[in-house]
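**Q** Structure file start-v2.txt, compact mmCIF, C-alpha atoms and all ligand atoms, is pasted below:
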# COMPACT_ATOMS: atom_id res chain seq x y z
CA MET H 1068 -8.51 -5.99 29.27
CA ILE H 1069 -7.50 -4.31 25.97
CA LYS H 1070 -9.52 -1.27 24.95
CA PRO H 1071 -10.95 -1.63 21.41
CA ALA H 1072 -9.38 0.91 19.04
CA PRO H 1073 -9.38 1.89 15.36
CA ILE H 1074 -7.52 -0.09 12.73
CA GLY H 1075 -4.42 1.85 11.66
CA ILE H 1076 -3.72 2.30 7.96
CA PHE H 1077 -0.29 3.58 7.01
CA ASP H 1078 1.31 4.78 3.79
CA SER H 1079 4.16 7.09 2.87
CA GLY H 1080 1.56 9.47 1.45
CA TYR H 1081 -1.69 9.39 -0.52
CA GLY H 1082 -1.25 5.98 -2.14
CA GLY H 1083 -2.65 4.05 0.81
CA LEU H 1084 -5.96 5.80 0.20
CA THR H 1085 -6.47 3.54 -2.85
CA VAL H 1086 -6.38 0.58 -0.47
CA PHE H 1087 -8.18 2.31 2.36
CA GLY H 1088 -11.09 3.31 0.05
CA GLU H 1089 -11.75 -0.39 -0.66
CA ILE H 1090 -11.31 -1.41 2.99
CA ARG H 1091 -13.79 1.24 4.09
CA ASN H 1092 -16.30 0.08 1.43
CA LEU H 1093 -16.05 -3.56 2.43
CA LEU H 1094 -15.74 -3.10 6.20
CA PRO H 1095 -17.54 0.18 7.04
CA GLN H 1096 -18.39 -0.90 10.58
CA TYR H 1097 -14.86 -0.47 11.92
CA ASP H 1098 -13.07 2.71 13.05
CA TYR H 1099 -9.92 3.69 11.16
CA ILE H 1100 -6.97 6.02 11.57
CA TYR H 1101 -5.16 6.78 8.32
CA LEU H 1102 -1.63 8.10 8.61
CA GLY H 1103 0.24 9.45 5.58
CA ASP H 1104 3.90 10.32 6.03
CA ASN H 1105 3.61 12.92 3.25
CA ALA H 1106 6.46 15.00 4.67
CA ARG H 1107 8.92 12.20 3.91
CA ALA H 1108 7.35 10.70 0.74
CA PRO H 1109 8.46 9.19 -1.52
CA TYR H 1110 9.90 6.23 0.36
CA GLY H 1111 10.64 4.32 -2.86
CA PRO H 1112 14.17 5.60 -3.56
CA ARG H 1113 15.33 5.49 0.08
CA ASP H 1114 17.59 2.83 1.56
CA PHE H 1115 16.47 -0.09 3.69
CA ASP H 1116 17.36 1.45 7.08
CA THR H 1117 15.62 4.73 6.37
CA ILE H 1118 12.40 3.06 5.19
CA TYR H 1119 12.46 0.74 8.19
CA HIS H 1120 12.97 3.59 10.69
CA TYR H 1121 10.34 5.85 9.11
CA THR H 1122 7.82 3.00 8.99
CA LEU H 1123 8.49 1.89 12.56
CA GLU H 1124 8.14 5.46 13.80
CA CYS H 1125 4.75 5.82 12.10
CA VAL H 1126 3.56 2.42 13.33
CA GLN H 1127 4.57 3.45 16.85
CA HIS H 1128 2.48 6.63 16.52
CA LEU H 1129 -0.52 4.53 15.48
CA PHE H 1130 0.10 2.23 18.45
CA ASP H 1131 0.28 5.30 20.73
CA MET H 1132 -3.19 6.25 19.42
CA GLY H 1133 -4.37 2.84 20.60
CA CYS H 1134 -4.39 0.84 17.32
CA GLN H 1135 -4.06 -2.89 17.94
CA LEU H 1136 -3.90 -3.74 14.25
CA VAL H 1137 -1.98 -1.72 11.65
CA ILE H 1138 -2.04 -2.31 7.89
CA LEU H 1139 0.99 -1.12 5.95
CA ALA H 1140 -0.92 0.04 2.86
CA CYS H 1141 2.43 0.59 1.20
CA ASN H 1142 4.40 -1.97 -0.79
CA THR H 1143 7.72 -0.29 -0.12
CA ALA H 1144 7.20 -0.43 3.64
CA SER H 1145 5.82 -3.97 3.34
CA ALA H 1146 8.91 -5.00 1.38
CA LYS H 1147 11.54 -3.24 3.47
CA ALA H 1148 10.19 -2.93 7.00
CA LEU H 1149 7.38 -5.41 7.69
CA ARG H 1150 9.43 -8.47 8.50
CA SER H 1151 11.78 -6.61 10.87
CA ILE H 1152 8.85 -4.98 12.65
CA GLN H 1153 7.01 -8.30 12.99
CA GLN H 1154 10.01 -10.31 14.10
CA GLN H 1155 12.21 -7.87 16.05
CA ASP H 1156 10.04 -5.00 17.24
CA LEU H 1157 6.57 -6.35 17.99
CA PRO H 1158 7.76 -8.90 20.57
CA ASN H 1159 9.28 -5.98 22.54
CA ILE H 1160 6.62 -3.35 21.91
CA ASP H 1161 3.55 -5.56 22.48
CA PRO H 1162 3.27 -9.15 21.27
CA ASN H 1163 -0.53 -8.85 21.13
CA ARG H 1164 -0.52 -6.19 18.44
CA ARG H 1165 -0.40 -6.98 14.74
CA VAL H 1166 1.12 -5.32 11.69
CA LEU H 1167 0.18 -6.67 8.24
CA GLY H 1168 1.34 -5.75 4.73
CA VAL H 1169 0.00 -5.72 1.18
CA ILE H 1170 2.46 -7.91 -0.73
CA ARG H 1171 1.48 -11.27 0.73
CA PRO H 1172 -2.27 -11.01 -0.01
CA THR H 1173 -1.44 -9.99 -3.59
CA THR H 1174 1.05 -12.76 -4.29
CA GLU H 1175 -1.25 -15.41 -2.78
CA ILE H 1176 -3.74 -15.01 -5.63
CA ILE H 1177 -1.71 -13.55 -8.47
CA GLY H 1178 -1.52 -16.84 -10.40
CA ASN H 1179 -5.28 -16.70 -10.96
CA PHE H 1180 -4.90 -13.71 -13.27
CA SER H 1181 -2.47 -15.06 -15.88
CA LYS H 1182 -2.88 -17.62 -18.65
CA SER H 1183 0.56 -17.16 -20.21
CA GLY H 1184 2.35 -17.60 -16.87
CA GLN H 1185 4.25 -14.34 -17.43
CA ILE H 1186 3.52 -11.59 -14.92
CA GLY H 1187 4.69 -7.98 -14.80
CA ILE H 1188 5.25 -6.05 -11.58
CA LEU H 1189 5.33 -2.25 -11.58
CA ALA H 1190 6.65 -0.91 -8.28
CA THR H 1191 9.00 1.54 -6.60
CA ALA H 1192 12.75 1.07 -6.88
CA GLY H 1193 12.80 -0.10 -3.25
CA THR H 1194 10.15 -2.77 -3.78
CA VAL H 1195 11.80 -4.00 -6.99
CA SER H 1196 15.28 -4.22 -5.44
CA SER H 1197 13.93 -6.06 -2.38
CA GLN H 1198 12.84 -8.93 -4.70
CA SER H 1199 9.88 -9.39 -2.34
CA TYR H 1200 7.40 -10.01 -5.17
CA VAL H 1201 9.67 -12.48 -6.92
CA LEU H 1202 10.35 -14.42 -3.70
CA GLU H 1203 6.73 -14.44 -2.51
CA ILE H 1204 5.30 -15.42 -5.91
CA GLU H 1205 7.83 -18.25 -6.10
CA LYS H 1206 6.33 -19.70 -2.90
CA PHE H 1207 2.73 -19.73 -4.15
CA PHE H 1208 3.09 -20.03 -7.94
CA PRO H 1209 6.56 -21.41 -8.78
CA GLU H 1210 5.51 -21.91 -12.40
CA LEU H 1211 5.16 -18.15 -13.01
CA THR H 1212 7.85 -15.99 -14.58
CA VAL H 1213 8.01 -12.52 -13.05
CA PHE H 1214 9.27 -9.36 -14.78
CA GLN H 1215 9.75 -6.21 -12.71
CA GLN H 1216 9.99 -2.56 -13.67
CA ALA H 1217 10.68 0.30 -11.26
CA CYS H 1218 8.70 3.49 -11.94
CA PRO H 1219 10.50 6.11 -9.84
CA MET H 1220 8.66 9.11 -11.32
CA TRP H 1221 5.12 7.88 -10.73
CA VAL H 1222 4.85 8.53 -6.97
CA PRO H 1223 6.17 12.11 -7.26
CA LEU H 1224 3.58 12.73 -10.01
CA VAL H 1225 0.79 11.59 -7.66
CA GLU H 1226 2.12 13.35 -4.55
CA ASN H 1227 2.30 16.58 -6.57
CA ASN H 1228 -1.14 16.10 -8.12
CA GLU H 1229 0.32 16.00 -11.63
CA HIS H 1230 -0.80 12.48 -12.41
CA GLN H 1231 -3.74 13.47 -14.60
CA ASN H 1232 -1.89 16.09 -16.60
CA ASP H 1233 -0.34 15.64 -20.05
CA GLY H 1234 3.20 15.75 -18.66
CA ALA H 1235 2.60 12.45 -16.90
CA ASP H 1236 2.08 10.62 -20.22
CA TYR H 1237 5.79 10.50 -20.99
CA PHE H 1238 6.69 8.62 -17.82
CA VAL H 1239 3.67 6.33 -17.92
CA GLU H 1240 4.47 5.23 -21.47
CA LYS H 1241 8.20 4.97 -20.77
CA TYR H 1242 7.96 2.51 -17.87
CA LEU H 1243 5.21 0.44 -19.51
CA ASN H 1244 7.31 0.09 -22.67
CA GLN H 1245 10.33 -0.92 -20.62
CA LEU H 1246 8.32 -3.63 -18.88
CA LEU H 1247 6.72 -4.92 -22.07
CA SER H 1248 10.09 -5.01 -23.86
CA MET H 1249 11.17 -7.73 -21.37
CA SER H 1250 8.59 -10.19 -22.73
CA GLY H 1251 5.85 -10.18 -25.33
CA GLU H 1252 3.91 -12.77 -23.32
CA ILE H 1253 3.05 -10.74 -20.21
CA ASP H 1254 -0.73 -10.89 -19.79
CA ALA H 1255 -1.14 -9.59 -16.21
CA ILE H 1256 0.47 -6.58 -14.58
CA VAL H 1257 0.37 -5.88 -10.84
CA LEU H 1258 0.34 -2.26 -9.74
CA GLY H 1259 2.73 -3.07 -6.90
CA CYS H 1260 2.63 0.42 -5.41
CA THR H 1261 -0.53 1.74 -3.82
CA HIS H 1262 -0.06 5.13 -5.51
CA TYR H 1263 -0.28 3.65 -9.01
CA PRO H 1264 -4.06 3.03 -9.23
CA LEU H 1265 -4.38 6.82 -9.32
CA LEU H 1266 -2.68 6.60 -12.75
CA ILE H 1267 -4.94 3.82 -13.99
CA ASN H 1268 -6.57 5.79 -16.83
CA LYS H 1269 -3.23 6.69 -18.36
CA ILE H 1270 -1.87 3.17 -17.80
CA ASN H 1271 -4.84 1.67 -19.64
CA ASN H 1272 -4.38 4.15 -22.51
CA PHE H 1273 -0.84 2.98 -23.18
CA LEU H 1274 -1.30 -0.77 -22.70
CA PRO H 1275 -2.20 -3.09 -25.57
CA ASN H 1276 -5.50 -4.96 -25.26
CA GLY H 1277 -5.48 -8.30 -23.51
CA ILE H 1278 -3.29 -7.34 -20.57
CA ARG H 1279 -5.00 -7.44 -17.21
CA VAL H 1280 -4.05 -4.69 -14.75
CA ILE H 1281 -4.34 -5.65 -11.10
CA SER H 1282 -4.82 -3.04 -8.37
CA GLN H 1283 -4.41 -4.16 -4.78
CA GLY H 1284 -7.25 -2.33 -3.05
CA GLU H 1285 -9.96 -4.98 -3.32
CA ILE H 1286 -7.50 -7.82 -2.81
CA VAL H 1287 -6.19 -6.31 0.44
CA ALA H 1288 -9.69 -5.44 1.67
CA LYS H 1289 -10.90 -9.03 1.16
CA SER H 1290 -7.79 -10.39 2.77
CA LEU H 1291 -8.35 -8.16 5.83
CA GLN H 1292 -11.96 -9.32 6.08
CA ASP H 1293 -10.77 -12.90 5.96
CA TYR H 1294 -8.03 -12.22 8.53
CA LEU H 1295 -10.52 -10.68 10.98
CA MET H 1296 -12.77 -13.72 10.59
CA ARG H 1297 -9.90 -16.08 11.28
CA HIS H 1298 -8.60 -14.03 14.23
CA PRO H 1299 -11.49 -13.21 16.58
CA GLU H 1300 -9.01 -12.12 19.27
CA ILE H 1301 -7.89 -9.27 16.98
CA GLU H 1302 -11.36 -8.56 15.62
CA GLN H 1303 -12.63 -8.00 19.17
CA VAL H 1304 -10.10 -5.25 19.84
CA CYS H 1305 -11.08 -3.31 16.70
CA SER H 1306 -13.61 -0.64 17.64
CA LYS H 1307 -16.80 -0.39 15.60
CA ASN H 1308 -18.40 3.05 15.32
CA GLY H 1309 -17.74 3.67 11.63
CA GLN H 1310 -15.45 6.63 12.43
CA ILE H 1311 -12.42 7.68 10.42
CA ARG H 1312 -9.58 10.03 11.35
CA TYR H 1313 -6.82 11.18 9.03
CA PHE H 1314 -3.34 12.29 10.04
CA THR H 1315 -0.51 13.58 7.90
CA THR H 1316 3.04 14.51 8.75
CA GLU H 1317 2.71 17.41 6.24
CA SER H 1318 0.16 20.23 6.00
CA ALA H 1319 -3.29 19.07 7.14
CA ARG H 1320 -4.96 21.57 4.82
CA VAL H 1321 -3.15 20.28 1.72
CA PHE H 1322 -3.89 16.69 2.76
CA GLU H 1323 -7.61 17.48 3.14
CA GLU H 1324 -7.73 18.97 -0.33
CA LYS H 1325 -5.89 16.18 -2.13
CA ALA H 1326 -7.29 13.26 -0.13
CA GLY H 1327 -10.77 14.69 -0.74
CA ILE H 1328 -10.14 14.49 -4.50
CA PHE H 1329 -8.70 10.95 -4.33
CA LEU H 1330 -11.50 9.62 -2.10
CA GLY H 1331 -14.30 11.67 -3.61
CA THR H 1332 -15.48 12.84 -0.20
CA ASN H 1333 -14.78 15.60 2.31
CA VAL H 1334 -11.91 14.79 4.61
CA HIS H 1335 -10.81 16.37 7.88
CA ALA H 1336 -7.14 15.83 8.69
CA ASP H 1337 -4.83 16.67 11.56
CA HIS H 1338 -1.12 17.29 11.47
CA LEU H 1339 1.08 14.74 13.23
CA ALA H 1340 4.42 16.10 14.37
CA LEU H 1341 7.17 13.51 14.11
N1 LIG H 1401 2.63 3.79 -1.89
C1 LIG H 1401 3.87 3.20 -1.69
C2 LIG H 1401 3.98 1.79 -2.17
O1 LIG H 1401 2.99 1.10 -2.23
C3 LIG H 1401 5.14 3.94 -1.62
C4 LIG H 1401 5.40 5.03 -2.48
C5 LIG H 1401 6.63 5.81 -2.13
O2 LIG H 1401 6.58 6.50 -1.12
O3 LIG H 1401 7.60 5.73 -2.87
O4 LIG H 1401 5.04 1.34 -2.48
For the file at hand, write its structure as structure tokens.

**A**
Amino acid sequence: MIKPAPIGIFDSGYGGLTVFGEIRNLLPQYDYIYLGDNARAPYGPRDFDTIYHYTLECVQHLFDMGCQLVILACNTASAKALRSIQQQDLPNIDPNRRVLGVIRPTTEIIGNFSKSGQIGILATAGTVSSQSYVLEIEKFFPELTVFQQACPMWVPLVENNEHQNDGADYFVEKYLNQLLSMSGEIDAIVLGCTHYPLLINKINNFLPNGIRVISQGEIVAKSLQDYLMRHPEIEQVCSKNGQIRYFTTESARVFEEKAGIFLGTNVHADHLAL
């Protein structure tokens, strides 16, 4: 008999909170453990092996806390580590547990947002180089043309709480211009990194009218709701007391302060030693 436990939500840092906020709004009845690997963020510029090992280590910690279902609320980890964890590691660790990512739910519906058939993806260097978005979109919407732009400075701006300051404008405008210079027909842009919605005001300021910006939070939350409905065996092992715990691999005090700002609520966090 498996003991019901919280759903684990993982990100390299604060970005996963943009997804978690929507999950918590849609599915408040469940318990959650959020783990941010802030000590080792950003993941984006790191190589495949490093991202895989960091992600697996964090997933294992969430499993050790009892989680039966873990959401990688991180595109970089979803692109670089998810498949290996699902195919190589889970069968050995515990075939009953599940790890899900954020790229698949996004690419499944992306075609609904574009009329021109030209889509832009803004993501970390790791996600862009993995080609995960291009390959997944090709499966569901082969008629779409996908343009990708890596935005390596955006995650550090968020992790250092500089994303709302004037200095951020330069890098927001720079990467948007680089993407838009690839095609004048792009009419939908995916924020393919869970940190990027925290830059949404600046992104909207620099984009011409008529381009739809797609954040993943609501998409992933709805997809999780749907998954739990389709998988009662997993739903039953998710505990339901509406409780949330936060862990960070960095300073708990700093996490509490910043996560409180991002979520608009008081947060208590604990330090997780790796
Ligand atoms: N939030 C992450 C993502 O969705 C990763 C950011 C990073 O650590 O570079 O890709």

**Q** Which is closer to Cys1218 (chain H) than all the others in H:Glu1205, H:Glu1240, H:Asp1131, H:Asp1098, using all atoms listed in the file?

**A**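 Using all atoms listed in the file, Cys1218 (chain H) sits closest to H:Glu1240.
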
**Q** State, in Å with one decimal place, the distance from CA of Asn1142 (chain H) to CA of Cys1260 (chain H).

**A**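 It comes out at 5.5 Å.
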
**Q** Show which residues sit within 10 Å of region 1291-1300 of chain H, as a PyMOL selection string. Count only C-alpha atoms, and ignore same-chain residues fewer than 4 positions away.

**A** chain H and resi 1090+1093-1094+1138+1163+1167+1169+1172+1285-1287+1304-1305

**Q** When you draw a straight line from CA of Ile1074 (chain H) to CA of Ile1100 (chain H), how long is it in Å?

**A**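 The value is 6.2 Å.
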
**Q** CA of Thr1315 (chain H) and CA of Ala1148 (chain H) are how many Å apart?

**A** 19.7 Å

**Q** For a quick check of understanding, using only C-alpha atoms, which of H:Thr1143, H:Asn1272, H:Gln1155, H:Thr1191 has the smallest distance to Met1220 (chain H)?

**A**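 Checking each of H:Thr1143, H:Asn1272, H:Gln1155, H:Thr1191 against Met1220 (chain H), counting only C-alpha atoms, the winner is H:Thr1191.
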
**Q** Using all atoms listed in the file, what are the residues with an atom within 10 Å of ligand LIG 1401 (chain H), set out as an NGL selection string?

**A** :H and (1077-1086 or 1103-1105 or 1107-1113 or 1118 or 1139-1147 or 1168-1170 or 1189-1195 or 1218-1223 or 1225-1226 or 1258-1264 or 1283)

**Q** Pick from H:Leu1102, H:Ile1177, H:Ile1152, H:Ala1217: nearest to Ser1196 (chain H), with only C-alpha atoms counted?

**A**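 Of all the options, H:Ala1217 lies closest to Ser1196 (chain H).
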
**Q** With distances taken over only C-alpha atoms, which residue among H:Glu1252, H:Asp1337, H:Glu1324, H:Glu1302 lies nearest Ile1069 (chain H)?

**A** H:Glu1302

**Q** Compile the contact shell of Leu1246 (chain H) as number ranges by chain: residues with an atom at most 12 Å away, counting all atoms listed in the file, same-chain residues fewer than 6 positions apart removed.

**A** H: 1185-1190, 1213-1218, 1239-1240, 1252-1257, 1274

**Q** Which residue, H:Ser1318, H:Val1166, H:Thr1212, H:Met1132, has the smallest gap to Ser1250 (chain H) when you use only C-alpha atoms?

**A** H:Thr1212

**Q** With distances taken over only C-alpha atoms, which of H:Asp1114, H:Arg1091, H:Gly1075, H:Gly1251 is nearest to Gln1127 (chain H)?

**A**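 Comparing H:Asp1114, H:Arg1091, H:Gly1075, H:Gly1251 against Gln1127 (chain H), the winner is H:Gly1075.
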
**Q** Please determine an axis-aligned box that encloses all atoms of region 1119-1132 of chain H listed in the file, with 4 Å added on each side, and express its centre and edge lengths in Å to one decimal as JSON.

**A**
{"center_x": 4.9, "center_y": 3.7, "center_z": 14.5, "size_x": 24.2, "size_y": 13.9, "size_z": 20.5}

**Q** At a cut-off of 6 Å, using only C-alpha atoms, what residues contact His1338 (chain H)? Leave out same-chain residues fewer than 6 positions from it and give the result as a list in words.

**A**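 Close residues of His1338 (chain H): Phe1314, Thr1315, Thr1316 and Ala1319 of chain H.
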